[in-house]
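Beneath this line is the structure, given in structure tokens, with notes to follow.
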Amino acid sequence: MAESLFSDLDRYVAHPRTAGLSLSPDGTRLITTVQTLNKKSNGYVTSLWEVDPAGERPARRLTRSAKGETGPTFAANGDLYFTSARPDEDGEDERSALWCLPAAGGEARVINRRSGGVSSVVTAADADVVAVTAPLLPGAADEDSQQSLHKTRQDSSVKAILHSGYPIRYWDHDLGPARPHGFILDAQTPDHEDAPVTSEPVRPKLRQITEGLGSLFEGTMHLSPDGSQALIGVTVPEAKTDRHSAIALVDTSTGERRMLVDEPEMTFSPGPISPDGTKAAVVGSPKPTPSSAIAPQLYVVDLGSGAATPLAEGLDLWLNPASSRPWIDDQRLLAVADYNGRGAMFIVDVTSGETTEVPVEDAVYSQAFPTPDGTTAFAVRSSYAFPDEVVRIDLRSGSVTRLQNPTERPELPGTLEDVQTETGDGVVVRGWLCLPEQASPADPAPLLLWIHGGPVSSWNAWTWRWNPWLAVEKGYAVLLPDPALSTGYGQEFVQRGWNSWGEEPYTDLLSITDAVEAREDIDASRTAAMGGSFGGYMANWVAGHTDRFKAIVTHASLWALDQFGPTTDMSPFWRRQIDQTMMDRHSPHDFISEIVTPMLVIHGDKDYRVPIGEGLRLWFELLADSGLPADENGETLHRFLYFPDENHWILSPQHTKVWYQVIFAFLAEHVLGVQEELPQELGLSAPKSTENDDA
């Protein structure tokens, strides 16, 4: 039997990964992307692949470059646009440029290359209109001044940014001085009739359609099918750094703009425009407060009046448009939602607001594009049993067919079970249990509780970053629970844990852990817990409130809520829900003296969502003030795995390997009572000696 993918980290990080989907307007071509290791094995390169919609032919690779290609989207005429930083025929290679692979065949060519690069591309479904988002420096009046200012910064090696507003960074990157703007590609014609005919057409230039918005354009844009209008997201500033998101409608020929949906106590994000160009599907949510959770709602917006009508109000799920082109016809669209630890798909009638569920197989579905006849859809799906794959869906029966994908499903080293329990207040809490094949009453498995982040999210789809099957391969049973605050169980389930993180979310986690530990194939005496982001917060809270776990791993975790609130990249959002009462009652750092469990702290320096200060303070206070402090020689059972150039996630392949190796070595020591070798790349031990063949 071949060695499992999950038994070899080198094979694991090198396994090709499918993601995303684009369907041509006529429904005959499907494009997905595949990530593979680069030549240095320190990053990934994305290539474009064509998948046969009929499922009869193997997937075919379309692009090959050292820089890779991203964001494929079809134009109305079948041309395929994408962005890439690969050099063109002139050897130019600065930043991501706009490329086109013609429908008629031939080589891909550069459509636009500019100083600062091109971020993304959007096309009209029925017209020859192409739009892009691209960064523009504040002092640039046109593309010529953009080039001059950009070159000045580069030549002088200046990276300083002078801010006058908020925010100043996002997730893992600094904002500014260039900010995203929306542009239309304008076809260029020769200056005079006698101009020579060349083999290459004149490259189109960019014409800005978000002039005057500056940093208020949020970078999201949807074109009407005829390309005459663009729906964009706009930030509306408020006092004391607060803000809300609104939607504007732009005339793409003139740049004339009007606010379409703007409600101060709501946040709206733009969505796809209907085939007849009269309405759009958007998502809106009331601003959260300490007592009221976010509650995203699908709306249909009339593009003439701006009237926003809620859809599927009785469904009690957070519906989203299924893709950038989800419309079946002028009255119906596909929408998706988290549901009961899985995903669900619905056909929404925007006239009546009613929904019809498409009874698809258990999985999470995304990027779902209906075909022109409205009977079929193509989508990407995944679950905890398999990673992203391209499928065809019969919208009448719900039957799903896996197409011939560029990548194969990995064989799992165990089984997946749905588990649940009823809490003391009568609420059902469920989760996934990943069991090693050998787990039995005669050989019960140690248990690893993995707590999801968010906090409003769900363990319902495959993840390459936090993959439970690597732990299962090591012999652990992995519990992936959805406690209070998890999505897919109704608004009340979210509200139940809102602003009370240390209460119901915590007790839910312990309740379902109790239920799983009671199984005969689980060894309750060997249990550990781990989590990242909000899951890291919960891991810290668990550490300060129980000693039942043998070890705890906390990644990118919130530690001191009074410190986190003002320093995270999205302070206004968190400030609206984490009030003084929340900080006083639910901050893990107040319980440092109660921590007696060995903890592995992990943090990346480039993490702006949960800044490195959280990890640094947690580490210092563990050694100085915990119930398991460093001894008189500075020795401690705690560990701190620090990544100077990683962010909220550990993304580079070489660091992904180290991340898993250190975690499993830490767990082996404290849960299994054995010593596992740490990676030599950490420089903690001498390399293994090898015999000289000539000796």
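Every chain in the structure tokens has a letter given in the order shown (A, B, ...), and although residue numbers restart at 1 in each chain, ligands are simply numbered from 1 in the order shown.
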
Range 650-654 of chain A environment, 7 Å, only C-alpha atoms, sequence neighbours closer than 3 positions dropped, as a ChimeraX atom specification = /A:13,41-43,646-647,657-658

Give me the residues of range 86-169 of chain A that have any atom at most 9 Å from an atom of range 210-224 of chain A; for each, the nearest atom pair and the distance in Å, rounded to one decimal. Use only C-alpha atoms, sort by chain and number, and format it as CSV.
```
residue,atom,partner,partner_atom,distance
A:Val122,CA,A:His222,CA,7.0
A:Thr123,CA,A:Leu223,CA,6.7
A:Ala124,CA,A:Leu223,CA,5.6
A:Ala125,CA,A:Ser224,CA,7.7
A:Asp126,CA,A:Ser224,CA,8.7
A:Val129,CA,A:Leu223,CA,8.6
A:Val130,CA,A:Leu223,CA,8.7
A:Ala131,CA,A:Leu223,CA,8.0
A:Val132,CA,A:Met221,CA,8.7
A:Thr133,CA,A:Gly219,CA,6.4
A:Ala134,CA,A:Gly219,CA,8.5
A:Leu136,CA,A:Gly214,CA,8.7
A:Pro138,CA,A:Gly214,CA,7.0
```

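Using only C-alpha atoms, the smallest distance between any of A:Ala379, A:Leu317, A:Ala280, A:Ala308 and Arg332 in chain A comes from A:Ala280.
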
Taking only C-alpha atoms into account, which of A:Asp338, A:Glu411, A:Asp349, A:Glu263 comes nearest Ser4 in chain A?
-> A:Glu411

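Between CA of Pro180 in chain A and CA of Val610 in chain A lies a distance of 24.0 Å.
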
Tell me which of A:Thr507, A:Ser383, A:Asn405, A:Thr278 sits closest to Gly424 in chain A, counting only C-alpha atoms.
->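 Between A:Thr507, A:Ser383, A:Asn405, A:Thr278, the residue approaching Gly424 in chain A most closely is A:Thr507.
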
Can you tell me, as a PDB file with N, CA and C atoms, in the first residue's frame, what residues are no more than 7 Å from range 566-574 of chain A when counting only C-alpha atoms, ignoring any on the same chain fewer than 3 positions away?
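around.pdb, written as the output of this step:
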```pdb
ATOM      1  N   PRO A 167      -8.449  52.908   8.260  1.00  0.00           N
ATOM      2  CA  PRO A 167      -7.354  52.129   8.831  1.00  0.00           C
ATOM      3  C   PRO A 167      -6.035  52.371   8.099  1.00  0.00           C
ATOM      4  N   ARG A 169      -3.683  49.526   7.986  1.00  0.00           N
ATOM      5  CA  ARG A 169      -3.204  48.229   7.530  1.00  0.00           C
ATOM      6  C   ARG A 169      -4.353  47.230   7.554  1.00  0.00           C
ATOM      7  N   TYR A 170      -4.140  46.091   6.887  1.00  0.00           N
ATOM      8  CA  TYR A 170      -5.222  45.124   6.733  1.00  0.00           C
ATOM      9  C   TYR A 170      -4.635  43.725   6.661  1.00  0.00           C
ATOM     10  N   TRP A 171      -5.037  42.875   7.597  1.00  0.00           N
ATOM     11  CA  TRP A 171      -4.592  41.482   7.706  1.00  0.00           C
ATOM     12  C   TRP A 171      -3.075  41.356   7.793  1.00  0.00           C
ATOM     13  N   THR A 241     -13.066  57.511  14.014  1.00  0.00           N
ATOM     14  CA  THR A 241     -12.549  56.391  13.204  1.00  0.00           C
ATOM     15  C   THR A 241     -13.606  55.381  12.809  1.00  0.00           C
ATOM     16  N   ASP A 242     -14.866  55.588  13.228  1.00  0.00           N
ATOM     17  CA  ASP A 242     -15.895  54.632  12.830  1.00  0.00           C
ATOM     18  C   ASP A 242     -16.218  54.833  11.354  1.00  0.00           C
ATOM     19  N   GLN A 563      -5.869  45.413  25.161  1.00  0.00           N
ATOM     20  CA  GLN A 563      -4.734  45.689  24.276  1.00  0.00           C
ATOM     21  C   GLN A 563      -5.084  45.356  22.827  1.00  0.00           C
ATOM     22  N   GLN A 577     -18.242  45.802  19.554  1.00  0.00           N
ATOM     23  CA  GLN A 577     -18.786  44.643  20.265  1.00  0.00           C
ATOM     24  C   GLN A 577     -18.034  44.330  21.550  1.00  0.00           C
ATOM     25  N   ILE A 578     -16.742  44.622  21.621  1.00  0.00           N
ATOM     26  CA  ILE A 578     -15.979  44.347  22.840  1.00  0.00           C
ATOM     27  C   ILE A 578     -15.998  45.602  23.712  1.00  0.00           C
ATOM     28  N   TYR A 608      -1.413  41.374  11.436  1.00  0.00           N
ATOM     29  CA  TYR A 608      -2.014  42.648  11.801  1.00  0.00           C
ATOM     30  C   TYR A 608      -3.413  42.475  12.375  1.00  0.00           C
ATOM     31  N   ARG A 609      -4.039  41.323  12.146  1.00  0.00           N
ATOM     32  CA  ARG A 609      -5.373  41.106  12.706  1.00  0.00           C
ATOM     33  C   ARG A 609      -5.277  40.844  14.209  1.00  0.00           C
ATOM     34  N   VAL A 610      -4.374  39.965  14.607  1.00  0.00           N
ATOM     35  CA  VAL A 610      -4.072  39.764  16.028  1.00  0.00           C
ATOM     36  C   VAL A 610      -2.587  40.095  16.190  1.00  0.00           C
ATOM     37  N   PRO A 611      -2.270  41.350  16.511  1.00  0.00           N
ATOM     38  CA  PRO A 611      -0.884  41.813  16.459  1.00  0.00           C
ATOM     39  C   PRO A 611       0.054  41.025  17.368  1.00  0.00           C
TER      40      PRO A 611
END
```

Computed interatomic separation between CA of Leu334 in chain A and CA of Ala377 in chain A (Å) | 9.1 Å

Quick one: of A:Asp329, A:Val45, A:Trp559, A:Arg392, who's nearest to Pro372 in chain A, counting only C-alpha atoms?
->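 Ranking A:Asp329, A:Val45, A:Trp559, A:Arg392 by distance to Pro372 in chain A, first place goes to A:Asp329.
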
Counting only C-alpha atoms, what is within 12 Å of Ile663 in chain A, bar same-chain residues fewer than 6 positions away, as a short mmCIF file (atom, residue, chain, number, x, y, z; two decimals) with N, CA and C atoms, in the first residue's frame?
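Saved the output as around_24.cif:
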```cif
data_model
loop_
_atom_site.label_atom_id
_atom_site.label_comp_id
_atom_site.auth_asym_id
_atom_site.auth_seq_id
_atom_site.Cartn_x
_atom_site.Cartn_y
_atom_site.Cartn_z
N LEU A 448 -7.54 15.18 20.45
CA LEU A 448 -7.07 16.54 20.22
C LEU A 448 -8.28 17.42 19.87
N TRP A 466 -4.89 24.09 8.55
CA TRP A 466 -5.18 23.39 9.80
C TRP A 466 -5.83 22.07 9.44
N LEU A 470 -3.45 15.16 9.36
CA LEU A 470 -2.05 14.99 9.73
C LEU A 470 -1.93 14.51 11.18
N ALA A 471 -2.82 15.03 12.04
CA ALA A 471 -2.83 14.56 13.43
C ALA A 471 -3.39 13.15 13.52
N LYS A 474 -0.91 10.64 12.95
CA LYS A 474 -0.06 10.47 14.13
C LYS A 474 -0.75 9.64 15.22
N ALA A 528 -5.61 16.86 24.56
CA ALA A 528 -4.99 18.18 24.40
C ALA A 528 -5.96 19.09 23.67
N ALA A 529 -5.68 20.39 23.68
CA ALA A 529 -6.52 21.37 22.99
C ALA A 529 -5.65 22.33 22.21
N MET A 530 -6.19 22.80 21.09
CA MET A 530 -5.47 23.80 20.32
C MET A 530 -6.45 24.65 19.52
N GLY A 531 -6.02 25.86 19.17
CA GLY A 531 -6.86 26.75 18.39
C GLY A 531 -6.06 27.92 17.87
N ALA A 551 -1.89 19.34 27.34
CA ALA A 551 -1.11 20.37 26.64
C ALA A 551 -2.09 21.25 25.88
N ILE A 552 -1.68 22.50 25.64
CA ILE A 552 -2.51 23.44 24.90
C ILE A 552 -1.64 24.19 23.90
N VAL A 553 -2.10 24.24 22.66
CA VAL A 553 -1.42 24.99 21.59
C VAL A 553 -2.28 26.20 21.24
N THR A 554 -1.69 27.40 21.28
CA THR A 554 -2.43 28.61 21.00
C THR A 554 -1.71 29.38 19.90
N HIS A 555 -2.39 29.56 18.78
CA HIS A 555 -1.79 30.18 17.59
C HIS A 555 -2.47 31.51 17.28
N MET A 599 1.98 25.19 27.63
CA MET A 599 1.40 25.84 26.46
C MET A 599 2.46 26.09 25.39
N LEU A 600 2.08 25.84 24.15
CA LEU A 600 2.91 26.20 23.00
C LEU A 600 2.26 27.42 22.37
N VAL A 601 2.96 28.55 22.43
CA VAL A 601 2.49 29.81 21.86
C VAL A 601 3.10 29.95 20.47
N ILE A 602 2.27 30.28 19.47
CA ILE A 602 2.75 30.47 18.10
C ILE A 602 2.24 31.80 17.59
N ARG A 639 6.53 26.80 25.49
CA ARG A 639 7.35 27.05 24.32
C ARG A 639 6.72 28.17 23.50
N PHE A 640 7.58 28.91 22.78
CA PHE A 640 7.12 29.99 21.91
C PHE A 640 7.74 29.78 20.53
N LEU A 641 6.89 29.48 19.54
CA LEU A 641 7.33 29.32 18.16
C LEU A 641 7.01 30.62 17.42
N THR A 656 5.37 25.88 7.09
CA THR A 656 4.24 24.99 7.37
C THR A 656 4.75 23.68 7.96
N LYS A 657 5.81 23.15 7.38
CA LYS A 657 6.39 21.91 7.90
C LYS A 657 6.86 22.09 9.33
N GLU A 669 5.35 14.98 23.64
CA GLU A 669 6.01 15.06 24.94
C GLU A 669 5.00 15.08 26.08
N HIS A 670 3.96 15.88 25.95
CA HIS A 670 3.07 16.10 27.08
C HIS A 670 1.81 15.22 27.07
N VAL A 671 1.43 14.71 25.92
CA VAL A 671 0.23 13.87 25.84
C VAL A 671 0.60 12.39 25.77
N GLU A 676 9.85 13.46 20.58
CA GLU A 676 10.00 13.44 19.12
C GLU A 676 11.04 14.46 18.71
N GLU A 677 11.76 14.14 17.66
CA GLU A 677 12.83 15.00 17.20
C GLU A 677 12.26 16.28 16.58
N LEU A 678 12.83 17.41 16.98
CA LEU A 678 12.44 18.69 16.39
C LEU A 678 13.15 18.89 15.06
N PRO A 679 12.59 19.70 14.16
CA PRO A 679 13.23 19.91 12.85
C PRO A 679 14.62 20.53 12.99
#
```

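When CA of Tyr81 in chain A is paired with CA of Trp99 in chain A, their separation reads 5.7 Å.
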
Residues at most 10 Å from Leu206 in chain A, counting only C-alpha atoms, excluding those fewer than 6 positions away in the same chain, as a PyMOL selection string?
-> chain A and resi 112+114+131-132+134+142-143+182-187

If you run DSSP on the backbone, which residues of range 591-689 of chain A are strand (DSSP E), as a list in words?
->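 Those in range 591-689 of chain A that DSSP calls strand (DSSP E) are Met599, Leu600, Val601, Ile602, His603, Gly604, Arg639, Phe640, Leu641, Tyr642 and Phe643 of chain A.
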
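Among A:Gln154, A:Ser120, A:Gln438, A:Gln297, the residue with the shortest atom-to-atom distance to Val282 in chain A, counting only C-alpha atoms, is A:Gln297.
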
Give me the residues within 9 Å of Ala344 in chain A as number ranges by chain, counting only C-alpha atoms and dropping any in the same chain fewer than 4 places off.
-> A: 335-340, 357-365

For range 61-72 of chain A, list every protein, DNA or RNA residue within 7 Å, evaluated using only C-alpha atoms, and leave out those in the same chain fewer than 2 positions away; present the list as a PDB file with N, CA and C atoms, in the first residue's frame.
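The resulting part.pdb:
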```
ATOM      1  N   SER A  22     -14.130  29.672 -13.059  1.00  0.00           N
ATOM      2  CA  SER A  22     -14.707  30.658 -13.961  1.00  0.00           C
ATOM      3  C   SER A  22     -15.388  29.916 -15.099  1.00  0.00           C
ATOM      4  N   VAL A  45       3.137  28.491  -6.819  1.00  0.00           N
ATOM      5  CA  VAL A  45       2.861  29.124  -8.104  1.00  0.00           C
ATOM      6  C   VAL A  45       1.501  28.638  -8.582  1.00  0.00           C
ATOM      7  N   THR A  46       0.692  29.557  -9.071  1.00  0.00           N
ATOM      8  CA  THR A  46      -0.659  29.219  -9.518  1.00  0.00           C
ATOM      9  C   THR A  46      -0.718  29.200 -11.045  1.00  0.00           C
ATOM     10  N   SER A  47      -1.282  28.152 -11.594  1.00  0.00           N
ATOM     11  CA  SER A  47      -1.460  28.034 -13.042  1.00  0.00           C
ATOM     12  C   SER A  47      -2.936  27.849 -13.364  1.00  0.00           C
ATOM     13  N   LEU A  48      -3.298  28.137 -14.620  1.00  0.00           N
ATOM     14  CA  LEU A  48      -4.679  28.008 -15.076  1.00  0.00           C
ATOM     15  C   LEU A  48      -4.876  26.672 -15.781  1.00  0.00           C
ATOM     16  N   TRP A  49      -5.983  26.017 -15.475  1.00  0.00           N
ATOM     17  CA  TRP A  49      -6.327  24.727 -16.072  1.00  0.00           C
ATOM     18  C   TRP A  49      -7.750  24.782 -16.609  1.00  0.00           C
ATOM     19  N   GLU A  50      -7.963  24.097 -17.724  1.00  0.00           N
ATOM     20  CA  GLU A  50      -9.305  23.982 -18.286  1.00  0.00           C
ATOM     21  C   GLU A  50      -9.885  22.619 -17.945  1.00  0.00           C
ATOM     22  N   ALA A  59      -8.431  17.172 -17.451  1.00  0.00           N
ATOM     23  CA  ALA A  59      -8.159  18.603 -17.357  1.00  0.00           C
ATOM     24  C   ALA A  59      -6.887  18.941 -18.129  1.00  0.00           C
ATOM     25  N   PHE A  74     -13.761  35.168 -17.845  1.00  0.00           N
ATOM     26  CA  PHE A  74     -14.079  35.185 -19.269  1.00  0.00           C
ATOM     27  C   PHE A  74     -14.755  36.492 -19.669  1.00  0.00           C
ATOM     28  N   LEU A  80     -10.050  34.935 -22.391  1.00  0.00           N
ATOM     29  CA  LEU A  80      -9.820  34.690 -20.962  1.00  0.00           C
ATOM     30  C   LEU A  80      -8.810  35.701 -20.433  1.00  0.00           C
ATOM     31  N   TYR A  81      -9.248  36.543 -19.504  1.00  0.00           N
ATOM     32  CA  TYR A  81      -8.373  37.538 -18.882  1.00  0.00           C
ATOM     33  C   TYR A  81      -7.865  37.006 -17.540  1.00  0.00           C
ATOM     34  N   PHE A  82      -6.649  37.402 -17.195  1.00  0.00           N
ATOM     35  CA  PHE A  82      -6.085  37.036 -15.896  1.00  0.00           C
ATOM     36  C   PHE A  82      -4.968  38.009 -15.563  1.00  0.00           C
ATOM     37  N   THR A  83      -4.475  37.947 -14.350  1.00  0.00           N
ATOM     38  CA  THR A  83      -3.345  38.783 -13.946  1.00  0.00           C
ATOM     39  C   THR A  83      -2.126  37.905 -13.712  1.00  0.00           C
ATOM     40  N   SER A  84      -0.953  38.468 -14.013  1.00  0.00           N
ATOM     41  CA  SER A  84       0.292  37.739 -13.813  1.00  0.00           C
ATOM     42  C   SER A  84       1.454  38.725 -13.809  1.00  0.00           C
ATOM     43  N   ALA A  85       2.489  38.403 -13.038  1.00  0.00           N
ATOM     44  CA  ALA A  85       3.704  39.211 -13.002  1.00  0.00           C
ATOM     45  C   ALA A  85       4.787  38.630 -13.906  1.00  0.00           C
ATOM     46  N   ARG A  86       4.444  37.648 -14.738  1.00  0.00           N
ATOM     47  CA  ARG A  86       5.450  37.063 -15.620  1.00  0.00           C
ATOM     48  C   ARG A  86       5.880  38.085 -16.675  1.00  0.00           C
ATOM     49  N   SER A 120      -6.905  43.153  -9.978  1.00  0.00           N
ATOM     50  CA  SER A 120      -7.931  42.184 -10.352  1.00  0.00           C
ATOM     51  C   SER A 120      -8.637  42.658 -11.612  1.00  0.00           C
TER      52      SER A 120
END
```

Among listed residues A:Met582, A:Val472, A:Cys100, A:Val390, nearest Ile31 in chain A (using only C-alpha atoms) |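 Closest candidate: A:Val390.
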